[in-house]
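> Okay, so here is data-v2.txt, and as you'll see once you scroll down, it has compact mmCIF, C-alpha atoms.
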# COMPACT_ATOMS: atom_id res chain seq x y z
CA MET A 117 336.17 175.86 171.36
CA ALA A 118 337.46 173.55 174.05
CA THR A 119 335.54 170.83 175.79
CA SER A 120 336.47 169.24 179.07
CA VAL A 121 334.67 166.31 180.64
CA ILE A 122 335.10 164.87 184.12
CA ASP A 123 333.72 161.37 183.85
CA ASN A 124 335.41 158.59 185.74
CA THR A 125 334.68 155.80 188.18
CA TYR A 126 336.20 157.62 191.17
CA LEU A 127 333.52 160.32 191.41
CA ASN A 128 329.75 160.07 191.20
CA THR A 129 329.34 163.57 189.81
CA LYS A 130 330.31 164.27 186.23
CA VAL A 131 330.98 167.61 184.60
CA PHE A 132 330.76 168.91 181.05
CA TYR A 133 332.64 172.19 180.50
CA GLU A 134 332.65 174.00 177.17
CA THR A 135 334.41 177.32 176.53
CA ASP A 136 332.42 178.27 173.43
CA LEU A 137 328.96 176.75 173.33
CA ASP A 138 327.19 177.76 170.15
CA SER A 139 324.58 176.65 167.62
CA GLY A 140 326.41 173.51 166.67
CA PRO A 141 324.89 170.80 168.86
CA PHE A 142 326.94 168.82 171.31
CA ASN A 143 325.25 165.50 170.91
CA ASN A 144 324.69 163.19 173.86
CA VAL A 145 327.25 164.86 176.14
CA THR A 146 326.15 162.61 179.00
CA ASN A 147 326.85 159.50 176.95
CA GLY A 148 323.45 158.05 177.68
CA PRO A 149 320.74 158.38 180.32
CA ALA A 150 321.62 160.85 183.06
CA THR A 151 320.34 163.11 185.79
CA VAL A 152 321.31 166.74 185.23
CA HIS A 153 321.76 168.73 188.44
CA SER A 154 322.85 172.17 187.26
CA ILE A 155 323.74 174.21 184.22
CA THR A 156 325.73 177.44 184.36
CA VAL A 157 325.97 179.75 181.36
CA LEU A 158 328.43 182.64 181.64
CA ASN A 159 326.79 185.28 179.48
CA GLY A 160 327.76 188.22 181.70
CA GLY A 161 330.28 189.54 179.22
CA ASN A 162 327.89 189.40 176.30
CA ALA A 163 325.32 192.16 175.80
CA ASN A 164 322.82 189.99 173.95
CA ILE A 165 320.09 187.54 174.95
CA GLN A 166 320.87 183.88 174.28
CA TYR A 167 318.68 180.80 174.28
CA LEU A 168 319.94 177.54 175.78
CA LYS A 169 318.28 174.57 174.08
CA LEU A 170 318.33 171.06 175.49
CA TYR A 171 317.25 167.79 173.92
CA ASP A 172 316.72 164.41 175.60
CA THR A 173 318.15 162.22 172.87
CA ASP A 174 321.07 159.97 172.06
CA GLU A 175 320.63 160.58 168.35
CA GLU A 176 322.04 163.46 166.33
CA ILE A 177 319.70 166.41 166.07
CA THR A 178 319.44 168.93 163.27
CA ALA A 179 320.16 172.46 164.46
CA GLY A 180 317.39 174.73 163.27
CA THR A 181 314.87 171.94 162.74
CA THR A 182 314.57 169.68 165.78
CA GLU A 183 312.15 171.02 168.39
CA GLU A 184 313.79 171.36 171.78
CA ASP A 185 312.58 169.61 174.96
CA TYR A 186 313.86 172.45 177.13
CA LYS A 187 314.64 176.06 176.31
CA PHE A 188 315.83 178.78 178.65
CA ARG A 189 316.31 182.45 177.92
CA ILE A 190 319.70 183.63 179.15
CA SER A 191 319.42 187.34 179.79
CA ALA A 192 321.82 189.79 178.20
CA SER A 193 324.86 190.60 180.36
CA PHE A 194 323.78 188.01 182.94
CA ASP A 195 325.46 184.85 184.10
CA ALA A 196 322.81 182.21 184.66
CA THR A 197 322.61 179.13 186.83
CA ILE A 198 319.79 176.66 186.33
CA THR A 199 319.21 173.93 188.89
CA PHE A 200 316.74 171.06 188.90
CA GLY A 201 315.74 170.47 192.50
CA SER A 202 316.73 167.63 194.79
CA ALA A 203 315.75 164.99 192.24
CA GLY A 204 317.58 166.56 189.32
CA LEU A 205 316.40 166.48 185.72
CA THR A 206 316.01 162.91 184.51
CA LEU A 207 317.02 162.33 180.90
CA LEU A 208 316.01 158.97 179.48
CA LYS A 209 318.23 159.02 176.42
CA GLY A 210 321.02 161.58 176.85
CA LEU A 211 321.66 165.30 176.80
CA THR A 212 322.22 167.26 173.63
CA VAL A 213 322.83 170.98 174.06
CA ARG A 214 323.27 174.13 171.97
CA LEU A 215 323.18 177.91 172.47
CA VAL A 216 321.77 180.38 169.96
CA GLN A 217 320.69 184.01 169.70
CA GLY A 218 317.10 183.35 168.69
CA GLU A 219 314.15 181.69 170.41
CA ALA A 220 312.86 180.36 167.09
CA THR A 221 313.34 176.70 166.31
CA SER A 222 315.04 177.75 163.10
CA SER A 223 317.67 179.90 164.81
CA THR A 224 321.22 178.86 164.08
CA ASP A 225 322.86 182.16 164.98
CA ASP A 226 325.88 181.66 167.18
CA PRO A 227 326.37 183.85 170.28
CA GLN A 228 328.39 186.99 169.58
CA ALA A 229 331.04 186.03 172.12
CA ASN A 230 332.50 182.81 173.45
CA ILE A 231 330.15 181.60 176.19
CA ILE A 232 331.45 179.22 178.85
CA THR A 233 328.91 176.59 179.89
CA GLU A 234 329.18 174.08 182.73
CA ILE A 235 326.84 171.13 183.24
CA THR A 236 326.92 168.82 186.25
CA TYR A 237 325.21 165.43 186.06
CA THR A 238 325.27 161.89 187.35
CA MET B 102 290.48 174.66 186.77
CA ALA B 103 291.60 177.21 189.33
CA ASP B 104 294.36 179.75 189.21
CA SER B 105 295.71 182.13 191.80
CA LEU B 106 298.33 184.82 192.26
CA VAL B 107 299.90 185.21 195.72
CA SER B 108 302.18 187.98 197.01
CA LEU B 109 305.01 186.70 199.25
CA SER B 110 307.14 188.71 201.66
CA ASN B 111 310.36 187.34 200.17
CA PRO B 112 312.01 190.19 198.26
CA ARG B 113 313.11 187.90 195.43
CA GLY B 114 310.39 185.94 193.75
CA ASN B 115 307.51 187.52 195.66
CA LEU B 116 304.89 186.47 193.11
CA VAL B 117 303.63 182.93 192.75
CA PHE B 118 301.41 182.04 189.85
CA ARG B 119 299.63 178.70 190.19
CA GLU B 120 297.26 176.93 187.84
CA THR B 121 295.94 173.59 189.02
CA ALA B 122 294.77 172.45 185.61
CA ALA B 123 296.87 174.07 182.93
CA THR B 124 296.02 173.52 179.28
CA SER B 125 297.12 174.82 175.92
CA THR B 126 294.86 177.82 176.41
CA LEU B 127 297.09 180.74 177.31
CA GLU B 128 297.28 181.88 180.91
CA GLN B 129 297.50 185.58 180.20
CA ASN B 130 299.79 188.02 181.98
CA ILE B 131 300.68 185.53 184.71
CA PHE B 132 302.28 188.08 187.04
CA ASN B 133 299.80 190.84 186.33
CA LYS B 134 302.58 193.29 185.47
CA VAL B 135 305.01 194.33 182.77
CA GLY B 136 308.74 193.77 183.00
CA ALA B 137 308.55 190.69 185.24
CA ALA B 138 311.22 188.07 185.91
CA ILE B 139 310.86 184.31 186.44
CA TYR B 140 312.91 182.54 189.11
CA ALA B 141 311.45 179.05 189.34
CA VAL B 142 309.05 176.68 187.65
CA LYS B 143 307.35 173.54 188.89
CA ILE B 144 305.25 171.19 186.81
CA ASP B 145 303.18 168.48 188.50
CA ALA B 146 302.01 165.91 185.98
CA THR B 147 301.43 163.09 188.43
CA GLN B 148 297.77 163.07 187.34
CA ASN B 149 298.70 163.08 183.66
CA THR B 150 300.10 159.65 182.91
CA SER B 151 299.42 159.27 179.20
CA GLU B 152 301.89 161.63 177.57
CA ASP B 153 304.78 163.98 178.25
CA VAL B 154 303.86 167.64 178.56
CA TYR B 155 305.66 170.91 177.91
CA LEU B 156 305.25 174.18 179.75
CA ALA B 157 305.74 176.99 177.27
CA ILE B 158 306.28 180.55 178.47
CA TYR B 159 305.70 183.36 176.02
CA GLU B 160 306.39 187.07 176.02
CA ASN B 161 304.64 189.81 174.12
CA THR B 162 303.54 193.40 174.57
CA SER B 163 299.85 192.70 175.12
CA ALA B 164 298.44 191.94 178.56
CA THR B 165 295.77 189.85 176.89
CA ALA B 166 298.29 188.07 174.68
CA SER B 167 296.75 189.61 171.61
CA GLY B 168 298.30 188.19 168.47
CA LEU B 169 299.94 185.34 170.36
CA THR B 170 299.13 181.83 169.14
CA VAL B 171 300.21 178.65 170.88
CA GLY B 172 301.78 176.40 168.29
CA THR B 173 302.84 179.28 166.07
CA ASN B 174 304.71 181.85 168.16
CA HIS B 175 308.00 180.83 169.72
CA PRO B 176 308.14 180.43 173.50
CA ILE B 177 311.04 182.07 175.31
CA THR B 178 311.22 179.10 177.68
CA VAL B 179 310.12 175.47 177.40
CA VAL B 180 310.23 172.88 180.18
CA LYS B 181 309.35 169.24 179.60
CA CYS B 182 307.69 167.09 182.25
CA ARG B 183 307.45 163.37 181.66
CA ALA B 184 304.13 161.58 181.99
CA GLY B 185 303.20 160.96 185.60
CA LYS B 186 306.20 162.91 186.94
CA THR B 187 307.05 166.27 188.43
CA VAL B 188 309.90 168.60 187.58
CA GLU B 189 311.33 171.64 189.35
CA VAL B 190 313.61 174.20 187.79
CA THR B 191 315.13 177.09 189.71
CA MET B 192 316.88 180.00 188.05
CA PRO B 193 318.30 182.30 190.74
CA CYS B 194 319.57 184.76 188.13
CA GLY B 195 316.09 184.90 186.64
CA ILE B 196 314.60 184.92 183.21
CA GLN B 197 314.19 188.61 182.60
CA SER B 198 311.67 190.34 180.38
CA SER B 199 313.28 191.67 177.26
CA SER B 200 311.68 195.07 177.89
CA ASN B 201 309.60 196.95 180.45
CA SER B 202 306.62 196.82 178.13
CA SER B 203 306.22 193.06 177.82
CA TYR B 204 304.11 190.49 179.67
CA PHE B 205 304.62 186.80 180.37
CA HIS B 206 302.02 184.24 179.32
CA ALA B 207 302.02 180.46 179.80
CA ALA B 208 300.46 177.33 178.35
CA VAL B 209 300.92 173.57 178.67
CA LYS B 210 300.86 171.41 175.57
CA THR B 211 301.89 167.96 174.44
CA SER B 212 304.51 168.90 171.84
CA ALA B 213 308.11 170.00 172.28
CA GLY B 214 309.41 173.42 171.29
CA THR B 215 307.16 175.72 169.30
CA ALA B 216 304.89 173.25 167.56
CA GLY B 217 301.55 171.93 168.73
CA ASN B 218 298.59 173.24 170.68
CA THR B 219 297.08 170.06 172.09
CA SER B 220 296.15 170.13 175.77
CA PRO B 221 297.25 167.37 178.13
CA SER B 222 294.79 164.50 178.47
CA GLY B 223 295.05 164.60 182.27
CA THR B 224 295.45 167.23 184.94
CA VAL B 225 298.70 169.19 184.99
CA ALA B 226 299.43 171.78 187.68
CA ILE B 227 302.02 174.52 187.20
CA THR B 228 303.67 176.88 189.64
CA ILE B 229 305.76 179.80 188.41
CA LEU B 230 307.72 181.96 190.86
CA GLY B 231 308.69 185.44 189.82
CA GLU B 232 308.55 189.12 190.54
In structure tokens, write the structure found in this file.

Amino acid sequence: MATSVIDNTYLNTKVFYETDLDSGPFNNVTNGPATVHSITVLNGGNANIQYLKLYDTDEEITAGTTEEDYKFRISASFDATITFGSAGLTLLKGLTVRLVQGEATSSTDDPQANIITEITYT
Amino acid sequence: MADSLVSLSNPRGNLVFRETAATSTLEQNIFNKVGAAIYAVKIDATQNTSEDVYLAIYENTSATASGLTVGTNHPITVVKCRAGKTVEVTMPCGIQSSSNSSYFHAAVKTSAGTAGNTSPSGTVAITILGE
């Protein structure tokens, strides 16, 4: 697991890059309110469906208990890009993100392979 | 309440499902086919200013969503729209059906994730692009 963040005063756009997104939540990766523009999940090398779960919160969530604000099925053996239109996706508190095998709220099963995920935001 | 299903000439995403007043009652078999894919979602809650709403998309093997209960079964996709706002999500790689024998169904409710089956207090329109 390796996390990279581009977040400085020289660029408007910020990037969150994680080489192994899994069930363990990354809490408030945007460090507060943000507009998310795109999310890319590289699941092409993994033959199983994943579920990307997003939460608009700056507080710690409980994986397997907290109901998600956004959930996207990531098809097996597919890379996926999700974009949020010209206005982006407004988050009032902050972005918390996790990736699991199951659609159920209770799922805490990590993906079978390391899944790279990129998130751009402002 | 009025819904419609339009065929477009575009080879990707040639089906557009629209419901001008979506509620927690399931919109069954939104693309009128098995094995569909979803490429974009739009929620217009500008006429629903009292509470945030959540579009929940479900999948099961019944065209009439038999055995599927909003608030109990887990959606495969959830998209939040804040009160009085709109949101657009595009997914060019698509959300694919898990099998060629399953149908997509949709509902709009006021609770995040799986829980809840309360309809919005105002009018919420949804547009779902797929094929």
> Counting all atoms listed in the file, what is within 7 Å of range 198-209 of chain B, bar same-chain residues fewer than 4 positions away, as an MDAnalysis selection string?
chainID B and resid 123:131 134:138 154:164 220
> Given only C-alpha atoms as the basis, pick out the residue of A:Leu168, A:Ala179, A:Gln217, A:Thr212 nearest to Val180 in chain B.
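Once distances to Val180 in chain B are computed over only C-alpha atoms, the minimum belongs to A:Leu168.
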> Could you name the residues that touch range 184-187 of chain B at 12 Å or less, counting only C-alpha atoms, but leaving out those on the same chain fewer than 5 positions away, as a PDB file with C-alpha atoms, in the coordinates of the input?

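Result went into out-v5.pdb, see below:
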ATOM      1  CA  PHE A 200     316.740 171.060 188.900  1.00  0.00           C
ATOM      2  CA  GLY A 201     315.740 170.470 192.500  1.00  0.00           C
ATOM      3  CA  SER A 202     316.730 167.630 194.790  1.00  0.00           C
ATOM      4  CA  ALA A 203     315.750 164.990 192.240  1.00  0.00           C
ATOM      5  CA  GLY A 204     317.580 166.560 189.320  1.00  0.00           C
ATOM      6  CA  LEU A 205     316.400 166.480 185.720  1.00  0.00           C
ATOM      7  CA  THR A 206     316.010 162.910 184.510  1.00  0.00           C
TER       8      THR A 206
ATOM      9  CA  VAL B 142     309.050 176.680 187.650  1.00  0.00           C
ATOM     10  CA  LYS B 143     307.350 173.540 188.890  1.00  0.00           C
ATOM     11  CA  ILE B 144     305.250 171.190 186.810  1.00  0.00           C
ATOM     12  CA  ASP B 145     303.180 168.480 188.500  1.00  0.00           C
ATOM     13  CA  ALA B 146     302.010 165.910 185.980  1.00  0.00           C
ATOM     14  CA  THR B 147     301.430 163.090 188.430  1.00  0.00           C
ATOM     15  CA  GLN B 148     297.770 163.070 187.340  1.00  0.00           C
ATOM     16  CA  ASN B 149     298.700 163.080 183.660  1.00  0.00           C
ATOM     17  CA  THR B 150     300.100 159.650 182.910  1.00  0.00           C
ATOM     18  CA  SER B 151     299.420 159.270 179.200  1.00  0.00           C
ATOM     19  CA  GLU B 152     301.890 161.630 177.570  1.00  0.00           C
ATOM     20  CA  ASP B 153     304.780 163.980 178.250  1.00  0.00           C
ATOM     21  CA  VAL B 154     303.860 167.640 178.560  1.00  0.00           C
ATOM     22  CA  TYR B 155     305.660 170.910 177.910  1.00  0.00           C
ATOM     23  CA  LEU B 156     305.250 174.180 179.750  1.00  0.00           C
ATOM     24  CA  THR B 211     301.890 167.960 174.440  1.00  0.00           C
ATOM     25  CA  PRO B 221     297.250 167.370 178.130  1.00  0.00           C
ATOM     26  CA  SER B 222     294.790 164.500 178.470  1.00  0.00           C
ATOM     27  CA  GLY B 223     295.050 164.600 182.270  1.00  0.00           C
ATOM     28  CA  THR B 224     295.450 167.230 184.940  1.00  0.00           C
ATOM     29  CA  VAL B 225     298.700 169.190 184.990  1.00  0.00           C
ATOM     30  CA  ALA B 226     299.430 171.780 187.680  1.00  0.00           C
ATOM     31  CA  ILE B 227     302.020 174.520 187.200  1.00  0.00           C
ATOM     32  CA  THR B 228     303.670 176.880 189.640  1.00  0.00           C
TER      33      THR B 228
END
> Return as a tab-separated table the residues of chain A lying at most 10 Å from chain B, together with the closest atom-to-atom pair for each and the distance in Å to one decimal, counting all atoms listed in the file, with rows in chain order and ascending residue number.

residue	atom	partner	partner_atom	distance
A:His153	CA	B:Val190	CA	9.8
A:Ser154	CA	B:Val190	CA	9.5
A:Ile155	CA	B:Met192	CA	9.8
A:Thr156	CA	B:Met192	CA	9.9
A:Ile165	CA	B:Ser199	CA	8.3
A:Tyr167	CA	B:Ile177	CA	7.8
A:Leu168	CA	B:Thr178	CA	9.1
A:Lys169	CA	B:Val179	CA	8.9
A:Leu170	CA	B:Val179	CA	9.5
A:Tyr171	CA	B:Ala213	CA	9.5
A:Asp172	CA	B:Lys181	CA	9.7
A:Thr182	CA	B:Gly214	CA	8.4
A:Glu183	CA	B:Gly214	CA	4.7
A:Glu184	CA	B:Gly214	CA	4.9
A:Asp185	CA	B:Ala213	CA	5.2
A:Tyr186	CA	B:Val180	CA	4.8
A:Lys187	CA	B:Val179	CA	4.7
A:Phe188	CA	B:Thr178	CA	4.7
A:Arg189	CA	B:Ile177	CA	5.9
A:Ile190	CA	B:Ile196	CA	6.6
A:Ser191	CA	B:Gln197	CA	6.1
A:Ala192	CA	B:Ser199	CA	8.8
A:Phe194	CA	B:Cys194	CA	7.4
A:Asp195	CA	B:Cys194	CA	7.1
A:Ala196	CA	B:Cys194	CA	5.4
A:Thr197	CA	B:Met192	CA	5.9
A:Ile198	CA	B:Met192	CA	4.8
A:Thr199	CA	B:Thr191	CA	5.2
A:Phe200	CA	B:Val190	CA	4.6
A:Gly201	CA	B:Glu189	CA	5.5
A:Ser202	CA	B:Glu189	CA	8.7
A:Ala203	CA	B:Val188	CA	8.3
A:Gly204	CA	B:Glu189	CA	8.1
A:Leu205	CA	B:Val188	CA	7.1
A:Thr206	CA	B:Val188	CA	8.9
A:Leu207	CA	B:Arg183	CA	9.7
A:Leu208	CA	B:Arg183	CA	9.9
A:Gly218	CA	B:Ile177	CA	9.1
A:Glu219	CA	B:Ile177	CA	5.8
A:Ala220	CA	B:His175	CA	5.5
A:Thr221	CA	B:Thr215	CA	6.9
> Point out the residue among B:Asp104, B:Thr173, B:Leu109, B:Gly217 with the least atom-to-atom distance to Thr121 in chain B, counting only C-alpha atoms.
B:Asp104
> Can you measure CA of Thr119 in chain A to CA of Asp226 in chain A for me? One decimal in Å is fine.
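Those two atoms sit 16.9 Å apart.
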> Let me make sure I understand: among A:Val121, A:Ile232, A:Leu137, A:Val157, which one has the smallest atom-to-atom distance to Val213 in chain A if we use all atoms listed in the file?
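Closest residue, counting all atoms listed in the file: A:Leu137.
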> N, CA and C atoms are what I want for range 144-175 of chain B; can you complete it accordingly and write them as a compact mmCIF listing (two decimals), in the coordinates of the input?

# COMPACT_ATOMS: atom_id res chain seq x y z
N ILE B 144 306.33 171.83 187.55
CA ILE B 144 305.25 171.19 186.81
C ILE B 144 304.91 169.89 187.53
N ASP B 145 303.64 169.70 187.85
CA ASP B 145 303.18 168.48 188.50
C ASP B 145 302.25 167.76 187.54
N ALA B 146 302.79 166.70 186.94
CA ALA B 146 302.01 165.91 185.98
C ALA B 146 301.71 164.52 186.54
N THR B 147 301.68 164.40 187.84
CA THR B 147 301.43 163.09 188.43
C THR B 147 300.03 162.57 188.08
N GLN B 148 299.11 163.48 187.74
CA GLN B 148 297.77 163.07 187.34
C GLN B 148 297.61 163.04 185.83
N ASN B 149 298.73 163.13 185.14
CA ASN B 149 298.70 163.08 183.66
C ASN B 149 299.69 161.99 183.22
N THR B 150 299.21 160.80 183.09
CA THR B 150 300.10 159.65 182.91
C THR B 150 300.17 159.15 181.47
N SER B 151 299.49 159.81 180.57
CA SER B 151 299.42 159.27 179.20
C SER B 151 300.49 159.82 178.27
N GLU B 152 300.92 161.07 178.50
CA GLU B 152 301.89 161.63 177.57
C GLU B 152 302.75 162.68 178.28
N ASP B 153 303.93 162.90 177.76
CA ASP B 153 304.78 163.98 178.25
C ASP B 153 304.12 165.33 177.95
N VAL B 154 304.42 166.31 178.79
CA VAL B 154 303.86 167.64 178.56
C VAL B 154 304.97 168.69 178.59
N TYR B 155 304.67 169.84 178.04
CA TYR B 155 305.66 170.91 177.91
C TYR B 155 305.04 172.23 178.36
N LEU B 156 305.64 172.83 179.36
CA LEU B 156 305.25 174.18 179.75
C LEU B 156 305.96 175.16 178.83
N ALA B 157 305.18 175.98 178.17
CA ALA B 157 305.74 176.99 177.27
C ALA B 157 305.42 178.37 177.84
N ILE B 158 306.45 179.19 177.97
CA ILE B 158 306.28 180.55 178.47
C ILE B 158 306.56 181.52 177.32
N TYR B 159 305.63 182.42 177.13
CA TYR B 159 305.70 183.36 176.02
C TYR B 159 305.83 184.79 176.55
N GLU B 160 306.27 185.65 175.67
CA GLU B 160 306.39 187.07 176.02
C GLU B 160 305.86 187.88 174.85
N ASN B 161 304.97 188.82 175.14
CA ASN B 161 304.64 189.81 174.12
C ASN B 161 304.15 191.08 174.81
N THR B 162 303.81 192.07 174.02
CA THR B 162 303.54 193.40 174.57
C THR B 162 302.07 193.63 174.88
N SER B 163 301.27 192.57 174.82
CA SER B 163 299.85 192.70 175.12
C SER B 163 299.52 191.94 176.39
N ALA B 164 298.84 192.60 177.32
CA ALA B 164 298.44 191.94 178.56
C ALA B 164 297.46 190.82 178.31
N THR B 165 296.74 190.90 177.22
CA THR B 165 295.77 189.85 176.89
C THR B 165 296.32 188.88 175.85
N ALA B 166 297.61 188.97 175.62
CA ALA B 166 298.29 188.07 174.68
C ALA B 166 297.72 188.20 173.28
N SER B 167 297.29 189.39 172.95
CA SER B 167 296.75 189.61 171.61
C SER B 167 297.80 189.29 170.55
N GLY B 168 297.39 188.54 169.56
CA GLY B 168 298.30 188.19 168.47
C GLY B 168 299.21 187.02 168.78
N LEU B 169 299.08 186.46 169.96
CA LEU B 169 299.94 185.34 170.36
C LEU B 169 299.18 184.03 170.16
N THR B 170 299.78 183.10 169.44
CA THR B 170 299.13 181.83 169.14
C THR B 170 300.02 180.68 169.57
N VAL B 171 299.48 179.85 170.45
CA VAL B 171 300.21 178.65 170.88
C VAL B 171 300.34 177.71 169.67
N GLY B 172 301.54 177.26 169.44
CA GLY B 172 301.78 176.40 168.29
C GLY B 172 302.38 177.13 167.11
N THR B 173 302.31 178.47 167.17
CA THR B 173 302.84 179.28 166.07
C THR B 173 303.97 180.18 166.56
N ASN B 174 303.69 180.95 167.60
CA ASN B 174 304.71 181.85 168.16
C ASN B 174 305.72 181.05 168.99
N HIS B 175 306.92 181.56 169.04
CA HIS B 175 308.00 180.83 169.72
C HIS B 175 308.02 181.18 171.20
